[in-house]
file my_file.pdb (PDB, C-alpha atoms)
ATOM      1  CA  MET A   1    -144.607-143.593 -56.591
ATOM      2  CA  PRO A   2    -142.782-140.354 -57.441
ATOM      3  CA  VAL A   3    -143.279-137.264 -55.301
ATOM      4  CA  MET A   4    -146.858-136.028 -55.477
ATOM      5  CA  GLN A   5    -147.345-132.421 -56.500
ATOM      6  CA  LYS A   6    -150.738-131.188 -55.378
ATOM      7  CA  PHE A   7    -152.603-128.812 -57.653
ATOM      8  CA  ASP A   8    -153.239-125.603 -55.684
ATOM      9  CA  ASP A   9    -156.975-125.687 -56.344
ATOM     10  CA  PHE A  10    -157.501-129.142 -54.835
ATOM     11  CA  SER A  11    -157.752-128.079 -51.174
ATOM     12  CA  GLU A  12    -160.339-125.423 -51.932
ATOM     13  CA  GLN A  13    -162.408-127.781 -54.054
ATOM     14  CA  VAL A  14    -162.388-130.418 -51.299
ATOM     15  CA  ALA A  15    -163.794-127.774 -48.966
ATOM     16  CA  LEU A  16    -166.381-126.853 -51.607
ATOM     17  CA  LYS A  17    -167.541-130.494 -51.879
ATOM     18  CA  GLN A  18    -166.352-130.874 -55.459
ATOM     19  CA  HIS A  19    -164.541-134.087 -54.571
ATOM     20  CA  ASN A  20    -165.987-137.176 -52.919
ATOM     21  CA  LEU A  21    -162.773-139.140 -52.612
ATOM     22  CA  ASN A  22    -164.653-142.297 -51.665
ATOM     23  CA  THR A  23    -167.287-142.517 -54.355
ATOM     24  CA  ASP A  24    -165.802-140.456 -57.184
ATOM     25  CA  THR A  25    -163.575-142.185 -59.711
ATOM     26  CA  LEU A  26    -159.997-140.924 -59.789
ATOM     27  CA  LYS A  27    -157.978-141.592 -62.918
ATOM     28  CA  VAL A  28    -154.318-141.320 -63.833
ATOM     29  CA  ALA A  29    -153.592-139.923 -67.283
ATOM     30  CA  LEU A  30    -150.256-139.642 -69.051
ATOM     31  CA  THR A  31    -148.941-136.497 -70.672
ATOM     32  CA  ASN A  32    -145.713-135.097 -72.023
ATOM     33  CA  VAL A  33    -146.676-131.527 -71.151
ATOM     34  CA  ALA A  34    -145.517-130.309 -67.743
ATOM     35  CA  PRO A  35    -148.551-129.663 -65.518
ATOM     36  CA  VAL A  36    -148.734-126.343 -63.676
ATOM     37  CA  ALA A  37    -149.838-126.170 -60.037
ATOM     38  CA  THR A  38    -152.353-123.415 -60.759
ATOM     39  CA  GLN A  39    -154.362-125.505 -63.229
ATOM     40  CA  THR A  40    -157.828-126.488 -62.067
ATOM     41  CA  VAL A  41    -159.215-129.042 -64.541
ATOM     42  CA  PHE A  42    -157.849-131.934 -66.541
ATOM     43  CA  ASP A  43    -157.295-130.949 -70.144
ATOM     44  CA  PRO A  44    -156.155-133.860 -72.332
ATOM     45  CA  VAL A  45    -156.092-131.672 -75.418
ATOM     46  CA  THR A  46    -153.719-128.869 -74.501
ATOM     47  CA  ASN A  47    -152.522-128.504 -70.892
ATOM     48  CA  HIS A  48    -152.186-132.252 -70.379
ATOM     49  CA  ALA A  49    -152.016-133.353 -73.988
ATOM     50  CA  ALA A  50    -152.414-137.111 -73.986
ATOM     51  CA  PRO A  51    -150.691-139.835 -75.971
ATOM     52  CA  ALA A  52    -152.803-141.218 -78.792
ATOM     53  CA  ALA A  53    -155.607-143.417 -77.501
ATOM     54  CA  ALA A  54    -154.163-146.515 -79.104
ATOM     55  CA  ASN A  55    -151.746-149.384 -78.566
ATOM     56  CA  GLY A  56    -152.885-149.964 -74.979
ATOM     57  CA  TYR A  57    -153.474-146.389 -73.878
ATOM     58  CA  THR A  58    -157.081-145.474 -73.184
ATOM     59  CA  ALA A  59    -158.268-141.906 -73.634
ATOM     60  CA  GLY A  60    -158.594-140.302 -70.216
ATOM     61  CA  GLY A  61    -156.197-142.698 -68.539
ATOM     62  CA  GLU A  62    -156.863-145.472 -66.064
ATOM     63  CA  ASP A  63    -159.086-145.844 -63.008
ATOM     64  CA  VAL A  64    -156.986-146.151 -59.809
ATOM     65  CA  THR A  65    -159.847-147.952 -57.991
ATOM     66  CA  ASN A  66    -159.609-145.454 -55.176
ATOM     67  CA  ALA A  67    -161.127-145.922 -51.749
ATOM     68  CA  LEU A  68    -161.134-143.847 -48.592
ATOM     69  CA  SER A  69    -160.588-144.940 -45.010
ATOM     70  CA  GLU A  70    -160.089-142.997 -41.803
ATOM     71  CA  VAL A  71    -158.145-143.747 -38.655
ATOM     72  CA  GLY A  72    -157.454-141.329 -35.853
ATOM     73  CA  GLY A  73    -158.526-138.299 -37.825
ATOM     74  CA  VAL A  74    -156.365-139.090 -40.834
ATOM     75  CA  ALA A  75    -158.178-139.930 -44.047
ATOM     76  CA  THR A  76    -156.238-142.193 -46.383
ATOM     77  CA  ILE A  77    -157.036-142.362 -50.078
ATOM     78  CA  SER A  78    -155.760-145.661 -51.381
ATOM     79  CA  GLY A  79    -155.641-147.096 -54.871
ATOM     80  CA  SER A  80    -154.311-149.913 -57.000
ATOM     81  CA  ASP A  81    -151.228-150.032 -59.201
ATOM     82  CA  ILE A  82    -151.698-149.146 -62.840
ATOM     83  CA  THR A  83    -149.730-150.846 -65.589
ATOM     84  CA  TYR A  84    -149.642-149.391 -69.073
ATOM     85  CA  THR A  85    -148.387-151.889 -71.649
ATOM     86  CA  ALA A  86    -147.805-150.906 -75.255
ATOM     87  CA  SER A  87    -149.388-153.422 -77.571
ATOM     88  CA  GLY A  88    -149.312-153.297 -81.359
ATOM     89  CA  GLY A  89    -147.354-150.049 -81.353
ATOM     90  CA  SER A  90    -145.857-147.489 -78.998
ATOM     91  CA  ILE A  91    -147.307-145.302 -76.254
ATOM     92  CA  GLY A  92    -145.868-141.875 -75.729
ATOM     93  CA  PRO A  93    -143.772-139.955 -75.355
ATOM     94  CA  PHE A  94    -144.827-138.984 -71.856
ATOM     95  CA  GLN A  95    -143.151-137.778 -68.684
ATOM     96  CA  TYR A  96    -145.959-136.767 -66.327
ATOM     97  CA  MET A  97    -148.951-138.412 -64.734
ATOM     98  CA  VAL A  98    -152.042-136.409 -63.798
ATOM     99  CA  LEU A  99    -154.426-137.643 -61.125
ATOM    100  CA  TYR A 100    -157.856-136.148 -61.652
ATOM    101  CA  ASN A 101    -161.480-136.653 -60.658
ATOM    102  CA  ASP A 102    -163.258-138.251 -63.604
ATOM    103  CA  THR A 103    -166.637-138.183 -61.852
ATOM    104  CA  ASN A 104    -166.494-134.436 -61.303
ATOM    105  CA  VAL A 105    -168.363-132.697 -64.117
ATOM    106  CA  THR A 106    -165.370-130.596 -65.088
ATOM    107  CA  ASP A 107    -162.723-133.250 -64.303
ATOM    108  CA  MET A 108    -161.085-131.245 -61.528
ATOM    109  CA  VAL A 109    -157.445-132.085 -60.926
ATOM    110  CA  VAL A 110    -155.923-133.533 -57.771
ATOM    111  CA  SER A 111    -152.176-133.948 -58.230
ATOM    112  CA  TYR A 112    -149.420-134.713 -60.680
ATOM    113  CA  TYR A 113    -146.170-136.650 -60.785
ATOM    114  CA  ASP A 114    -142.957-136.218 -62.738
ATOM    115  CA  HIS A 115    -141.188-139.339 -63.992
ATOM    116  CA  GLY A 116    -138.067-137.240 -64.444
ATOM    117  CA  ALA A 117    -137.563-137.949 -68.129
ATOM    118  CA  SER A 118    -139.717-138.299 -71.182
ATOM    119  CA  ILE A 119    -140.161-141.921 -72.249
ATOM    120  CA  THR A 120    -141.900-143.862 -74.982
ATOM    121  CA  LEU A 121    -143.101-147.426 -74.462
ATOM    122  CA  LEU A 122    -142.265-149.609 -77.407
ATOM    123  CA  ASP A 123    -144.468-152.538 -78.374
ATOM    124  CA  GLY A 124    -144.445-154.985 -75.455
ATOM    125  CA  GLU A 125    -142.904-152.580 -72.928
ATOM    126  CA  SER A 126    -144.710-151.569 -69.742
ATOM    127  CA  PHE A 127    -144.836-148.623 -67.384
ATOM    128  CA  VAL A 128    -146.081-149.098 -63.829
ATOM    129  CA  PHE A 129    -147.642-146.335 -61.750
ATOM    130  CA  ASP A 130    -146.714-148.003 -58.487
ATOM    131  CA  ILE A 131    -148.829-146.926 -55.534
ATOM    132  CA  LEU A 132    -146.481-147.968 -52.771
ATOM    133  CA  THR A 133    -148.672-147.299 -49.722
ATOM    134  CA  ASN A 134    -151.468-144.927 -50.687
ATOM    135  CA  LEU A 135    -152.282-142.104 -53.055
ATOM    136  CA  PHE A 136    -152.273-139.470 -50.293
ATOM    137  CA  THR A 137    -153.641-138.671 -46.863
ATOM    138  CA  ILE A 138    -155.661-135.774 -45.514
ATOM    139  CA  SER A 139    -155.343-134.726 -41.887
TER     140      SER A 139
ATOM    141  CA  MET B   1    -178.676-101.291 -12.326
ATOM    142  CA  HIS B   2    -179.879-102.481 -15.726
ATOM    143  CA  ASN B   3    -177.342-102.089 -18.539
ATOM    144  CA  ARG B   4    -179.937-100.030 -20.427
ATOM    145  CA  ASP B   5    -179.696 -97.425 -17.664
ATOM    146  CA  LYS B   6    -176.023 -97.911 -16.949
ATOM    147  CA  TYR B   7    -174.914 -97.506 -20.596
ATOM    148  CA  PRO B   8    -177.812 -95.719 -22.353
ATOM    149  CA  GLU B   9    -175.889 -94.721 -25.477
ATOM    150  CA  ILE B  10    -174.311 -98.118 -25.967
ATOM    151  CA  TRP B  11    -177.650 -99.781 -25.298
ATOM    152  CA  ALA B  12    -179.348 -97.610 -27.886
ATOM    153  CA  ALA B  13    -176.663 -98.304 -30.468
ATOM    154  CA  LYS B  14    -176.995-102.029 -29.815
ATOM    155  CA  GLU B  15    -180.771-101.890 -30.195
ATOM    156  CA  ALA B  16    -180.501 -99.893 -33.412
ATOM    157  CA  ALA B  17    -178.074-102.452 -34.833
ATOM    158  CA  GLU B  18    -180.373-105.304 -33.809
ATOM    159  CA  LEU B  19    -183.333-103.550 -35.385
ATOM    160  CA  GLU B  20    -181.526-103.238 -38.707
ATOM    161  CA  LEU B  21    -180.107-106.757 -38.424
ATOM    162  CA  LYS B  22    -183.433-108.558 -37.912
ATOM    163  CA  PRO B  23    -184.946-108.088 -41.403
ATOM    164  CA  LEU B  24    -181.589-108.778 -43.024
ATOM    165  CA  MET B  25    -181.355-112.111 -41.216
ATOM    166  CA  GLU B  26    -184.962-112.922 -42.136
ATOM    167  CA  LYS B  27    -184.179-112.145 -45.768
ATOM    168  CA  ARG B  28    -181.102-114.388 -45.592
ATOM    169  CA  ALA B  29    -183.057-117.190 -43.877
ATOM    170  CA  ALA B  30    -185.437-117.372 -46.827
ATOM    171  CA  PHE B  31    -182.472-118.319 -49.000
ATOM    172  CA  THR B  32    -180.680-120.569 -46.516
ATOM    173  CA  ASP B  33    -183.922-122.516 -46.076
ATOM    174  CA  GLN B  34    -184.009-123.047 -49.832
ATOM    175  CA  ILE B  35    -180.337-124.084 -49.780
ATOM    176  CA  ALA B  36    -181.174-126.668 -47.125
ATOM    177  CA  ALA B  37    -184.035-127.953 -49.282
ATOM    178  CA  VAL B  38    -181.701-128.322 -52.266
ATOM    179  CA  GLU B  39    -179.198-130.102 -50.023
ATOM    180  CA  LEU B  40    -181.917-132.614 -49.132
ATOM    181  CA  GLN B  41    -182.386-133.385 -52.814
ATOM    182  CA  ILE B  42    -178.619-133.687 -53.261
ATOM    183  CA  ASN B  43    -178.493-136.102 -50.325
ATOM    184  CA  VAL B  44    -180.931-138.405 -52.103
ATOM    185  CA  LEU B  45    -178.633-138.478 -55.132
ATOM    186  CA  GLU B  46    -175.547-138.876 -52.921
ATOM    187  CA  SER B  47    -177.167-141.906 -51.270
ATOM    188  CA  GLU B  48    -177.817-143.371 -54.695
ATOM    189  CA  LYS B  49    -174.190-142.660 -55.612
ATOM    190  CA  GLU B  50    -172.952-144.404 -52.463
ATOM    191  CA  GLN B  51    -175.048-147.478 -53.219
ATOM    192  CA  LEU B  52    -173.620-147.601 -56.729
ATOM    193  CA  ASN B  53    -170.137-147.189 -55.285
ATOM    194  CA  ASP B  54    -170.761-150.145 -52.964
ATOM    195  CA  SER B  55    -171.577-152.193 -56.053
ATOM    196  CA  ALA B  56    -168.573-150.840 -57.946
ATOM    197  CA  MET B  57    -166.296-151.785 -55.049
ATOM    198  CA  GLN B  58    -167.633-155.350 -54.670
ATOM    199  CA  ASP B  59    -164.532-156.812 -56.307
ATOM    200  CA  ALA B  60    -162.117-154.091 -55.210
ATOM    201  CA  GLU B  61    -159.954-156.424 -53.152
ATOM    202  CA  ARG B  62    -159.505-158.868 -56.031
ATOM    203  CA  ILE B  63    -158.984-156.018 -58.496
ATOM    204  CA  HIS B  64    -156.251-154.677 -56.222
ATOM    205  CA  GLU B  65    -154.582-158.092 -56.022
ATOM    206  CA  LEU B  66    -154.740-158.587 -59.780
ATOM    207  CA  LYS B  67    -153.441-155.095 -60.559
ATOM    208  CA  ASP B  68    -150.604-155.730 -58.121
ATOM    209  CA  THR B  69    -149.814-159.012 -59.866
ATOM    210  CA  VAL B  70    -149.862-157.367 -63.298
ATOM    211  CA  ALA B  71    -147.542-154.633 -62.015
ATOM    212  CA  ARG B  72    -145.135-157.127 -60.418
ATOM    213  CA  MET B  73    -145.013-159.255 -63.550
ATOM    214  CA  ALA B  74    -144.456-156.186 -65.727
ATOM    215  CA  LYS B  75    -141.644-155.024 -63.412
ATOM    216  CA  ALA B  76    -140.126-158.499 -63.501
ATOM    217  CA  MET B  77    -139.913-158.051 -67.274
ATOM    218  CA  GLY B  78    -138.157-154.705 -66.881
ATOM    219  CA  ALA B  79    -141.055-152.287 -66.887
ATOM    220  CA  LYS B  80    -140.245-148.649 -66.326
ATOM    221  CA  THR B  81    -141.819-147.461 -63.103
ATOM    222  CA  ALA B  82    -143.088-144.376 -61.418
ATOM    223  CA  GLY B  83    -142.536-145.666 -57.933
TER     224      GLY B  83
END
call {"tool": "encode", "arguments": {"input": "my_file.pdb", "output": "structure tokens"}}
result
Amino acid sequence: MPVMQKFDDFSEQVALKQHNLNTDTLKVALTNVAPVATQTVFDPVTNHAAPAAANGYTAGGEDVTNALSEVGGVATISGSDITYTASGGSIGPFQYMVLYNDTNVTDMVVSYYDHGASITLLDGESFVFDILTNLFTIS
Amino acid sequence: MHNRDKYPEIWAAKEAAELELKPLMEKRAAFTDQIAAVELQINVLESEKEQLNDSAMQDAERIHELKDTVARMAKAMGAKTAG
């Protein structure tokens, strides 16, 4: 997984009980627009303009099947790998992935990731959001 | 000697502050009690949410395994990765 960039607002919203990182559904959405750390909510129209919801890309992105566990005062938010496969056409272009809380009424953002270059998946090609150990920890 | 007699001016200032403070705290308590009552209602919904989450996570382990397999197979075919 590329380096996680936390949105500035996330810490405050955790403290304000806007995120239940165990029961809320976190999703990863693709965008070709660079996210900005000061953004507060997921915006698939402008700030995080999404690829067309077609050819294997679902509007709003994919559920990471997140779960929370705690050991020794460190809470770990884990998730499962996400594979986007273009089928019947292309997906993209996109360069960034936005992790946001889909259960939250306003879709508050958590973090974002930069692939480093804009890419387009051609029919049959895949892109894997590989969660190597966990999404992130809170201590 | 009692502090009231030892520090009469300070004692008086403290009592005056406490006198003004009391109704303000009572006024606040009326709202914080209502906040607590709302929190009770939220807790009922949160419990319901947790039960639904338990159901949603019933197959989480298998989902994780299958997503991992899909990712590994995609990578074996040259998938681009963020990882």
call {"tool": "interface_residues", "arguments": {"input": "my_file.pdb", "of": "chain B", "to": "chain A", "cutoff": "10 Å", "atoms": "all atoms listed in the file", "output": "MDAnalysis selection string"}}
result
chainID B and resid 46 49:54 56:57 60:61 63:75 77:83
call {"tool": "atom_distance", "arguments": {"input": "my_file.pdb", "atom1": "CA of Ala49 (chain A)", "atom2": "CA of Ala86 (chain A)"}}
result
18.1 Å
call {"tool": "axis_aligned_box", "arguments": {"input": "my_file.pdb", "around": "region 126-135 of chain A", "padding_each_side": "6 Å", "output": "lines of an AutoDock Vina configuration file"}}
result
center_x = -148.5
center_y = -146.8
center_z = -59.7
size_x = 19.6
size_y = 21.5
size_z = 32.0
call {"tool": "resolve_selection", "arguments": {"input": "my_file.pdb", "expression": "the PyMOL selection byres ((chain A and resi 38-48) around 9)", "output": "JSON, numbers by chain"}}
result
{"A": [7, 8, 9, 10, 29, 30, 31, 32, 33, 34, 35, 36, 37, 49, 50, 51, 59, 60, 96, 97, 98, 99, 100, 101, 102, 106, 107, 108, 109, 110]}
call {"tool": "write_last_selection", "arguments": {"input": "my_file.pdb", "atoms": "C-alpha atoms", "output": "short mmCIF file (atom, residue, chain, number, x, y, z; two decimals), in the coordinates of the input"}}
result
data_model
loop_
_atom_site.label_atom_id
_atom_site.label_comp_id
_atom_site.auth_asym_id
_atom_site.auth_seq_id
_atom_site.Cartn_x
_atom_site.Cartn_y
_atom_site.Cartn_z
CA PHE A 7 -152.60 -128.81 -57.65
CA ASP A 8 -153.24 -125.60 -55.68
CA ASP A 9 -156.98 -125.69 -56.34
CA PHE A 10 -157.50 -129.14 -54.84
CA ALA A 29 -153.59 -139.92 -67.28
CA LEU A 30 -150.26 -139.64 -69.05
CA THR A 31 -148.94 -136.50 -70.67
CA ASN A 32 -145.71 -135.10 -72.02
CA VAL A 33 -146.68 -131.53 -71.15
CA ALA A 34 -145.52 -130.31 -67.74
CA PRO A 35 -148.55 -129.66 -65.52
CA VAL A 36 -148.73 -126.34 -63.68
CA ALA A 37 -149.84 -126.17 -60.04
CA ALA A 49 -152.02 -133.35 -73.99
CA ALA A 50 -152.41 -137.11 -73.99
CA PRO A 51 -150.69 -139.84 -75.97
CA ALA A 59 -158.27 -141.91 -73.63
CA GLY A 60 -158.59 -140.30 -70.22
CA TYR A 96 -145.96 -136.77 -66.33
CA MET A 97 -148.95 -138.41 -64.73
CA VAL A 98 -152.04 -136.41 -63.80
CA LEU A 99 -154.43 -137.64 -61.12
CA TYR A 100 -157.86 -136.15 -61.65
CA ASN A 101 -161.48 -136.65 -60.66
CA ASP A 102 -163.26 -138.25 -63.60
CA THR A 106 -165.37 -130.60 -65.09
CA ASP A 107 -162.72 -133.25 -64.30
CA MET A 108 -161.08 -131.24 -61.53
CA VAL A 109 -157.44 -132.08 -60.93
CA VAL A 110 -155.92 -133.53 -57.77
#
call {"tool": "atom_distance", "arguments": {"input": "my_file.pdb", "atom1": "CA of Thr133 (chain A)", "atom2": "CA of Leu26 (chain A)"}}
result
16.4 Å
call {"tool": "atom_distance", "arguments": {"input": "my_file.pdb", "atom1": "CA of Ser11 (chain A)", "atom2": "CA of Ser55 (chain B)"}}
result
28.2 Å
call {"tool": "residues_near_point", "arguments": {"input": "my_file.pdb", "point": "(-145.5, -143.9, -73.1)", "cutoff": "6 Å", "atoms": "all atoms listed in the file", "output": "PyMOL selection string"}}
result
chain A and resi 91-94+119-121
call {"tool": "residues_near_point", "arguments": {"input": "my_file.pdb", "point": "(-147.1, -151.9, -79.4)", "cutoff": "6 Å", "atoms": "all atoms listed in the file", "output": "PyMOL selection string"}}
result
chain A and resi 55+86-90+122-124
